[in-house]
Structures are given as C-alpha cells and as structure tokens.
file coords00.pdb (PDB, C-alpha atoms)
ATOM      1  CA  MET A   1     -55.336  -5.123 -40.122
ATOM      2  CA  SER A   2     -51.887  -4.259 -38.983
ATOM      3  CA  TYR A   3     -48.819  -6.475 -38.982
ATOM      4  CA  ALA A   4     -46.835  -3.483 -37.772
ATOM      5  CA  VAL A   5     -46.802  -4.580 -34.121
ATOM      6  CA  SER A   6     -45.329  -8.031 -34.841
ATOM      7  CA  ALA A   7     -41.677  -7.137 -34.253
ATOM      8  CA  ALA A   8     -42.518  -5.272 -31.046
ATOM      9  CA  LEU A   9     -44.516  -8.251 -29.760
ATOM     10  CA  GLN A  10     -41.680 -10.663 -30.541
ATOM     11  CA  ALA A  11     -39.147  -8.426 -28.800
ATOM     12  CA  ALA A  12     -41.356  -8.158 -25.706
ATOM     13  CA  VAL A  13     -41.901 -11.936 -25.562
ATOM     14  CA  PHE A  14     -38.156 -12.536 -25.924
ATOM     15  CA  ALA A  15     -37.407  -9.983 -23.191
ATOM     16  CA  ALA A  16     -39.964 -11.569 -20.845
ATOM     17  CA  LEU A  17     -38.475 -15.017 -21.352
ATOM     18  CA  THR A  18     -34.866 -13.925 -20.913
ATOM     19  CA  ALA A  19     -35.767 -12.039 -17.719
ATOM     20  CA  ASP A  20     -37.644 -14.951 -16.141
ATOM     21  CA  THR A  21     -35.660 -16.508 -13.282
ATOM     22  CA  ALA A  22     -37.618 -19.784 -13.244
ATOM     23  CA  LEU A  23     -36.889 -20.330 -16.934
ATOM     24  CA  ALA A  24     -33.233 -19.364 -16.435
ATOM     25  CA  ALA A  25     -32.992 -22.043 -13.729
ATOM     26  CA  GLU A  26     -33.965 -24.641 -16.352
ATOM     27  CA  VAL A  27     -32.202 -23.429 -19.523
ATOM     28  CA  GLY A  28     -29.757 -20.736 -18.419
ATOM     29  CA  SER A  29     -29.404 -18.137 -21.148
ATOM     30  CA  ALA A  30     -30.197 -20.617 -23.949
ATOM     31  CA  ILE A  31     -33.198 -18.721 -25.313
ATOM     32  CA  TYR A  32     -32.968 -18.040 -29.026
ATOM     33  CA  ASP A  33     -34.802 -16.175 -31.716
ATOM     34  CA  ALA A  34     -32.531 -17.881 -34.242
ATOM     35  CA  VAL A  35     -30.631 -20.990 -33.170
ATOM     36  CA  PRO A  36     -26.889 -20.313 -33.380
ATOM     37  CA  ALA A  37     -24.548 -22.438 -35.466
ATOM     38  CA  GLY A  38     -22.403 -25.014 -33.747
ATOM     39  CA  SER A  39     -22.993 -27.059 -30.650
ATOM     40  CA  LEU A  40     -26.231 -26.502 -28.798
ATOM     41  CA  PRO A  41     -26.882 -26.944 -25.094
ATOM     42  CA  GLU A  42     -28.731 -30.032 -23.850
ATOM     43  CA  ILE A  43     -31.870 -27.930 -23.401
ATOM     44  CA  TYR A  44     -32.850 -24.654 -25.031
ATOM     45  CA  VAL A  45     -35.813 -22.482 -25.953
ATOM     46  CA  GLN A  46     -36.540 -21.235 -29.456
ATOM     47  CA  LEU A  47     -39.100 -18.693 -30.604
ATOM     48  CA  GLY A  48     -41.098 -20.299 -33.366
ATOM     49  CA  THR A  49     -43.801 -19.713 -35.911
ATOM     50  CA  GLU A  50     -46.333 -16.934 -35.899
ATOM     51  CA  THR A  51     -49.681 -16.624 -37.645
ATOM     52  CA  VAL A  52     -51.460 -13.282 -37.683
ATOM     53  CA  ARG A  53     -55.017 -12.382 -38.614
ATOM     54  CA  ASP A  54     -56.914  -9.133 -38.682
ATOM     55  CA  ALA A  55     -58.556  -8.092 -35.436
ATOM     56  CA  SER A  56     -59.277  -4.454 -36.245
ATOM     57  CA  ASP A  57     -62.385  -2.930 -34.769
ATOM     58  CA  GLY A  58     -63.998   0.453 -34.284
ATOM     59  CA  SER A  59     -61.182   1.546 -31.999
ATOM     60  CA  GLY A  60     -58.466   1.040 -34.633
ATOM     61  CA  ALA A  61     -56.084  -1.372 -36.307
ATOM     62  CA  GLY A  62     -55.335  -4.577 -34.480
ATOM     63  CA  ALA A  63     -54.260  -8.139 -34.973
ATOM     64  CA  ALA A  64     -54.563 -11.550 -33.351
ATOM     65  CA  HIS A  65     -51.213 -13.331 -33.218
ATOM     66  CA  THR A  66     -50.821 -17.051 -32.679
ATOM     67  CA  LEU A  67     -47.191 -17.640 -31.754
ATOM     68  CA  SER A  68     -45.194 -20.634 -30.692
ATOM     69  CA  VAL A  69     -42.295 -21.122 -28.317
ATOM     70  CA  SER A  70     -40.452 -24.447 -28.304
ATOM     71  CA  VAL A  71     -38.379 -26.279 -25.732
ATOM     72  CA  ILE A  72     -35.901 -28.707 -27.291
ATOM     73  CA  THR A  73     -33.766 -31.107 -25.276
ATOM     74  CA  THR A  74     -31.529 -34.121 -25.647
ATOM     75  CA  ASN A  75     -31.992 -34.898 -21.938
ATOM     76  CA  PRO A  76     -33.641 -38.294 -21.388
ATOM     77  CA  GLY A  77     -37.372 -38.165 -20.766
ATOM     78  CA  PHE A  78     -39.650 -35.152 -20.777
ATOM     79  CA  ALA A  79     -39.159 -33.951 -17.191
ATOM     80  CA  SER A  80     -36.677 -31.125 -17.842
ATOM     81  CA  ALA A  81     -38.546 -29.991 -20.952
ATOM     82  CA  LYS A  82     -41.836 -29.901 -19.041
ATOM     83  CA  ARG A  83     -40.295 -27.827 -16.247
ATOM     84  CA  ALA A  84     -39.005 -25.336 -18.825
ATOM     85  CA  ALA A  85     -42.364 -25.327 -20.631
ATOM     86  CA  ALA A  86     -44.170 -24.630 -17.351
ATOM     87  CA  ALA A  87     -41.854 -21.678 -16.706
ATOM     88  CA  ILE A  88     -42.568 -20.319 -20.194
ATOM     89  CA  SER A  89     -46.298 -20.682 -19.667
ATOM     90  CA  ASP A  90     -46.077 -18.959 -16.278
ATOM     91  CA  ALA A  91     -44.003 -16.111 -17.749
ATOM     92  CA  LEU A  92     -46.277 -15.431 -20.722
ATOM     93  CA  HIS A  93     -49.857 -16.393 -19.821
ATOM     94  CA  GLY A  94     -51.644 -13.227 -18.786
ATOM     95  CA  ALA A  95     -48.430 -11.185 -18.967
ATOM     96  CA  ASP A  96     -48.735  -7.426 -19.253
ATOM     97  CA  LEU A  97     -45.896  -6.783 -21.695
ATOM     98  CA  THR A  98     -44.893  -3.317 -22.784
ATOM     99  CA  LEU A  99     -44.428  -3.060 -26.546
ATOM    100  CA  ALA A 100     -42.190  -0.606 -28.397
ATOM    101  CA  ARG A 101     -45.092  -0.032 -30.790
ATOM    102  CA  GLY A 102     -48.785  -0.513 -30.128
ATOM    103  CA  ARG A 103     -50.120  -2.221 -27.049
ATOM    104  CA  LEU A 104     -50.815  -5.730 -25.888
ATOM    105  CA  VAL A 105     -54.500  -6.263 -25.178
ATOM    106  CA  SER A 106     -54.165  -9.874 -24.028
ATOM    107  CA  LEU A 107     -51.755 -12.814 -24.058
ATOM    108  CA  GLY A 108     -52.826 -16.312 -23.141
ATOM    109  CA  PHE A 109     -51.780 -19.934 -23.374
ATOM    110  CA  ASP A 110     -53.630 -21.870 -26.087
ATOM    111  CA  ARG A 111     -52.104 -25.370 -26.236
ATOM    112  CA  ALA A 112     -48.953 -27.459 -26.184
ATOM    113  CA  THR A 113     -47.669 -30.521 -27.991
ATOM    114  CA  ALA A 114     -44.919 -32.756 -26.607
ATOM    115  CA  ARG A 115     -43.149 -35.184 -28.937
ATOM    116  CA  ARG A 116     -39.987 -37.153 -29.550
ATOM    117  CA  ILE A 117     -37.761 -35.922 -32.361
ATOM    118  CA  ASP A 118     -34.487 -36.986 -33.991
ATOM    119  CA  ALA A 119     -35.363 -40.692 -34.048
ATOM    120  CA  ALA A 120     -36.536 -40.439 -30.418
ATOM    121  CA  SER A 121     -33.137 -39.222 -29.166
ATOM    122  CA  ALA A 122     -34.490 -35.760 -28.338
ATOM    123  CA  ARG A 123     -37.698 -34.202 -27.051
ATOM    124  CA  GLN A 124     -39.583 -31.106 -28.129
ATOM    125  CA  ILE A 125     -42.497 -29.266 -26.566
ATOM    126  CA  ASP A 126     -44.217 -26.636 -28.692
ATOM    127  CA  LEU A 127     -46.292 -24.153 -26.707
ATOM    128  CA  ARG A 128     -48.806 -21.995 -28.526
ATOM    129  CA  PHE A 129     -49.991 -18.620 -27.268
ATOM    130  CA  ARG A 130     -52.552 -16.166 -28.566
ATOM    131  CA  ALA A 131     -51.927 -12.463 -28.350
ATOM    132  CA  ARG A 132     -54.272  -9.640 -29.248
ATOM    133  CA  VAL A 133     -52.520  -6.374 -30.087
ATOM    134  CA  GLN A 134     -53.692  -2.933 -31.061
ATOM    135  CA  ASP A 135     -51.665  -0.458 -33.100
ATOM    136  CA  ASP A 136     -52.517   2.758 -31.285
TER     137      ASP A 136
END

call {"tool": "encode", "arguments": {"input": "coords00.pdb", "output": "structure tokens"}}
result
Amino acid sequence: MSYAVSAALQAAVFAALTADTALAAEVGSAIYDAVPAGSLPEIYVQLGTETVRDASDGSGAGAAHTLSVSVITTNPGFASAKRAAAAISDALHGADLTLARGRLVSLGFDRATARRIDAASARQIDLRFRARVQDD
C-alpha cells in the first residue's frame, strides 16, 4: 500500500475544482481545503474526508481513495447547492487529472447525500468519489 500519493491527489482535485467554470458560476472562488475564519459566503465548497485502502497489485504500490467534497449553503432550498454539486460531479467524474506524484488510474462518482444542517437553516450536499491511484 502507499499513502504517498494522497497529497498529490488532493492538490489535483482542488486544482480541477478551482479551474472549473461551471462551478465558479455557482460558488465563485469559494472552494476551500480548510474553511477560513470569519464570515463565509452564502454558498461554498469544502474538501472533506478521505479513506484510503491498499490497492497494490503486481504492477506496484497503489491505493483506493474514497474522498468527499461538500457543498454548504445558507440559500433557501437545495437548488443552488444541487447546481454546484452537479458541476463538481461533472468536473471530477472520469477526470484525467495529472498528479505531482504517481498517477490517477480512475476517478468516479460514488454517491451523494443531501441534508439540512444548522437547525434546518442551511443545506449541505456531500458528494463521494472513488479514486484509484498508482505510485509509479
């Protein structure tokens, strides 16, 4: 197993999201690895949790990453959050990302969960993706 590609995968996902014009139309530049202190915009994207398991094979060290990306909004209803979530899914599902270390074998959408948070005053959609990487 190799966890060594994790930072490179995260950087490539972040770069893909920040470069996506459809996502920018929904959230502007409010895409965070770590949410900043202070006031937050009405809608933003946050990179979330990651679970990694061994996926090494005869060709070398590899790992299967399950990662989440969240859309959080105080806008009423789910419409704006769902538009942003669709843009994220479009940007990442099947993407051919270049990693600073290793290589991305595959990246695909797994599932999403939409829910009300903060006593129903806000909405959150958590998208989960699965990535297979190889540490060449």

call {"tool": "closest_residue", "arguments": {"input": "coords00.pdb", "among": "A:Leu92, A:Ala22, A:Leu104, A:Ala37", "to": "His65 in chain A", "atoms": "only C-alpha atoms"}}
result
A:Leu104

call {"tool": "residues_around", "arguments": {"input": "coords00.pdb", "residues": "Leu127 in chain A", "least_positions_apart": "5", "cutoff": "9 Å", "atoms": "all atoms listed in the file", "output": "ChimeraX atom specification"}}
result
/A:67-71,85,88-89,109-114

call {"tool": "residues_around", "arguments": {"input": "coords00.pdb", "residues": "Thr51 in chain A", "least_positions_apart": "2", "cutoff": "12 Å", "atoms": "all atoms listed in the file", "output": "VMD selection string"}}
result
chain A and resid 3 6 48 to 49 53 to 54 63 to 68 128 to 132

call {"tool": "atom_distance", "arguments": {"input": "coords00.pdb", "atom1": "CA of Leu97 in chain A", "atom2": "CA of Leu40 in chain A"}}
result
28.7 Å

call {"tool": "closest_residue", "arguments": {"input": "coords00.pdb", "among": "A:Ala86, A:Val133, A:Leu47, A:Ala81", "to": "Ala11 in chain A", "atoms": "all atoms listed in the file"}}
result
A:Leu47

call {"tool": "atom_distance", "arguments": {"input": "coords00.pdb", "atom1": "CA of Val13 in chain A", "atom2": "CA of Gly102 in chain A"}}
result
14.1 Å

call {"tool": "axis_aligned_box", "arguments": {"input": "coords00.pdb", "around": "range 6-18 of chain A", "padding_each_side": "8 Å", "output": "lines of an AutoDock Vina configuration file"}}
result
center_x = -40.1
center_y = -10.1
center_z = -27.8
size_x = 26.5
size_y = 25.7
size_z = 30.0

call {"tool": "atom_distance", "arguments": {"input": "coords00.pdb", "atom1": "CA of Glu50 in chain A", "atom2": "CA of Gln134 in chain A"}}
result
16.5 Å

call {"tool": "residues_around", "arguments": {"input": "coords00.pdb", "residues": "Gly62 in chain A", "least_positions_apart": "4", "cutoff": "6 Å", "atoms": "only C-alpha atoms", "output": "ChimeraX atom specification"}}
result
/A:1-2,55-56,133-135

call {"tool": "write_last_selection", "arguments": {"input": "coords00.pdb", "atoms": "C-alpha atoms", "output": "short mmCIF file (atom, residue, chain, number, x, y, z; two decimals), in the frame of the given file"}}
result
data_model
loop_
_atom_site.label_atom_id
_atom_site.label_comp_id
_atom_site.auth_asym_id
_atom_site.auth_seq_id
_atom_site.Cartn_x
_atom_site.Cartn_y
_atom_site.Cartn_z
CA MET A 1 -55.34 -5.12 -40.12
CA SER A 2 -51.89 -4.26 -38.98
CA ALA A 55 -58.56 -8.09 -35.44
CA SER A 56 -59.28 -4.45 -36.24
CA VAL A 133 -52.52 -6.37 -30.09
CA GLN A 134 -53.69 -2.93 -31.06
CA ASP A 135 -51.66 -0.46 -33.10
#

call {"tool": "residues_around", "arguments": {"input": "coords00.pdb", "residues": "Thr74 in chain A", "least_positions_apart": "2", "cutoff": "9 Å", "atoms": "only C-alpha atoms", "output": "number ranges by chain"}}
result
A: 41-43, 72, 76-77, 121-124

call {"tool": "residues_near_point", "arguments": {"input": "coords00.pdb", "point": "(-38.7, -15.6, -20.0)", "cutoff": "10 Å", "atoms": "all atoms listed in the file", "output": "ChimeraX atom specification"}}
result
/A:12-24,29,31,45,84,87-92

call {"tool": "resolve_selection", "arguments": {"input": "coords00.pdb", "expression": "the PyMOL selection byres ((chain A and resi 94) around 6)", "output": "list in words"}}
result
His93, Ala95, Leu107 and Gly108 of chain A

call {"tool": "closest_residue", "arguments": {"input": "coords00.pdb", "among": "A:Ser80, A:Ser59, A:Gln10, A:Thr98", "to": "Tyr44 in chain A", "atoms": "all atoms listed in the file"}}
result
A:Ser80

call {"tool": "decode", "arguments": {"input": "coords00.pdb", "residues": "range 29-43 of chain A", "atoms": "all heavy atoms", "output": "compact mmCIF listing (two decimals), in the first residue's frame"}}
result
# COMPACT_ATOMS: atom_id res chain seq x y z
N SER A 29 -15.08 31.87 -6.20
CA SER A 29 -13.81 31.27 -5.79
C SER A 29 -13.90 30.61 -4.41
O SER A 29 -12.87 30.26 -3.82
CB SER A 29 -12.71 32.34 -5.78
OG SER A 29 -13.04 33.34 -4.83
N ALA A 30 -15.10 30.43 -3.90
CA ALA A 30 -15.30 29.88 -2.55
C ALA A 30 -15.17 28.35 -2.54
O ALA A 30 -16.13 27.62 -2.33
CB ALA A 30 -16.65 30.32 -2.01
N ILE A 31 -13.96 27.90 -2.79
CA ILE A 31 -13.62 26.48 -2.77
C ILE A 31 -12.47 26.34 -1.80
O ILE A 31 -11.40 26.93 -2.02
CB ILE A 31 -13.24 25.98 -4.18
CG1 ILE A 31 -14.39 26.23 -5.16
CG2 ILE A 31 -12.87 24.49 -4.13
CD1 ILE A 31 -14.03 26.06 -6.61
N TYR A 32 -12.68 25.58 -0.73
CA TYR A 32 -11.71 25.55 0.36
C TYR A 32 -11.24 24.14 0.68
O TYR A 32 -12.02 23.20 0.68
CB TYR A 32 -12.33 26.14 1.64
CG TYR A 32 -12.95 27.50 1.46
CD1 TYR A 32 -14.31 27.70 1.67
CD2 TYR A 32 -12.17 28.60 1.10
CE1 TYR A 32 -14.88 28.95 1.51
CE2 TYR A 32 -12.74 29.86 0.94
CZ TYR A 32 -14.09 30.02 1.15
OH TYR A 32 -14.65 31.26 0.99
N ASP A 33 -9.96 24.08 1.02
CA ASP A 33 -9.41 22.88 1.62
C ASP A 33 -9.67 22.97 3.13
O ASP A 33 -10.09 22.01 3.75
CB ASP A 33 -7.92 22.78 1.31
CG ASP A 33 -7.25 21.59 1.96
OD1 ASP A 33 -7.96 20.66 2.38
OD2 ASP A 33 -6.03 21.58 2.04
N ALA A 34 -9.43 24.13 3.68
CA ALA A 34 -9.74 24.43 5.08
C ALA A 34 -10.59 25.70 5.07
O ALA A 34 -10.21 26.70 4.48
CB ALA A 34 -8.48 24.65 5.88
N VAL A 35 -11.74 25.64 5.71
CA VAL A 35 -12.64 26.79 5.74
C VAL A 35 -11.98 27.92 6.51
O VAL A 35 -11.50 27.73 7.62
CB VAL A 35 -14.00 26.41 6.38
CG1 VAL A 35 -14.90 27.62 6.48
CG2 VAL A 35 -14.67 25.32 5.56
N PRO A 36 -11.93 29.12 5.92
CA PRO A 36 -11.28 30.24 6.60
C PRO A 36 -12.11 30.75 7.78
O PRO A 36 -13.33 30.54 7.83
CB PRO A 36 -11.19 31.30 5.50
CG PRO A 36 -12.28 30.96 4.54
CD PRO A 36 -12.44 29.47 4.60
N ALA A 37 -11.45 31.42 8.69
CA ALA A 37 -12.14 32.02 9.83
C ALA A 37 -12.92 33.24 9.34
O ALA A 37 -12.63 33.81 8.30
CB ALA A 37 -11.12 32.45 10.88
N GLY A 38 -13.93 33.59 10.10
CA GLY A 38 -14.72 34.77 9.77
C GLY A 38 -15.97 34.43 9.00
O GLY A 38 -16.42 33.29 8.96
N SER A 39 -16.51 35.43 8.37
CA SER A 39 -17.75 35.27 7.61
C SER A 39 -17.52 34.41 6.38
O SER A 39 -16.51 34.54 5.70
CB SER A 39 -18.29 36.63 7.17
OG SER A 39 -18.59 37.41 8.29
N LEU A 40 -18.49 33.56 6.12
CA LEU A 40 -18.43 32.68 4.95
C LEU A 40 -19.45 33.13 3.92
O LEU A 40 -20.47 33.73 4.26
CB LEU A 40 -18.71 31.24 5.36
CG LEU A 40 -17.64 30.60 6.24
CD1 LEU A 40 -18.13 29.28 6.80
CD2 LEU A 40 -16.36 30.41 5.45
N PRO A 41 -19.20 32.84 2.66
CA PRO A 41 -20.19 33.19 1.63
C PRO A 41 -21.46 32.35 1.80
O PRO A 41 -21.46 31.35 2.52
CB PRO A 41 -19.48 32.86 0.32
CG PRO A 41 -18.35 31.98 0.68
CD PRO A 41 -18.01 32.22 2.11
N GLU A 42 -22.52 32.74 1.11
CA GLU A 42 -23.79 32.02 1.21
C GLU A 42 -23.69 30.60 0.69
O GLU A 42 -24.47 29.74 1.08
CB GLU A 42 -24.88 32.77 0.45
CG GLU A 42 -25.30 34.06 1.09
CD GLU A 42 -26.38 34.77 0.31
OE1 GLU A 42 -26.67 34.39 -0.84
OE2 GLU A 42 -26.96 35.71 0.87
N ILE A 43 -22.76 30.35 -0.22
CA ILE A 43 -22.55 29.00 -0.75
C ILE A 43 -21.06 28.79 -0.97
O ILE A 43 -20.37 29.69 -1.47
CB ILE A 43 -23.36 28.75 -2.04
CG1 ILE A 43 -23.21 27.30 -2.51
CG2 ILE A 43 -23.00 29.74 -3.12
CD1 ILE A 43 -24.19 26.90 -3.60
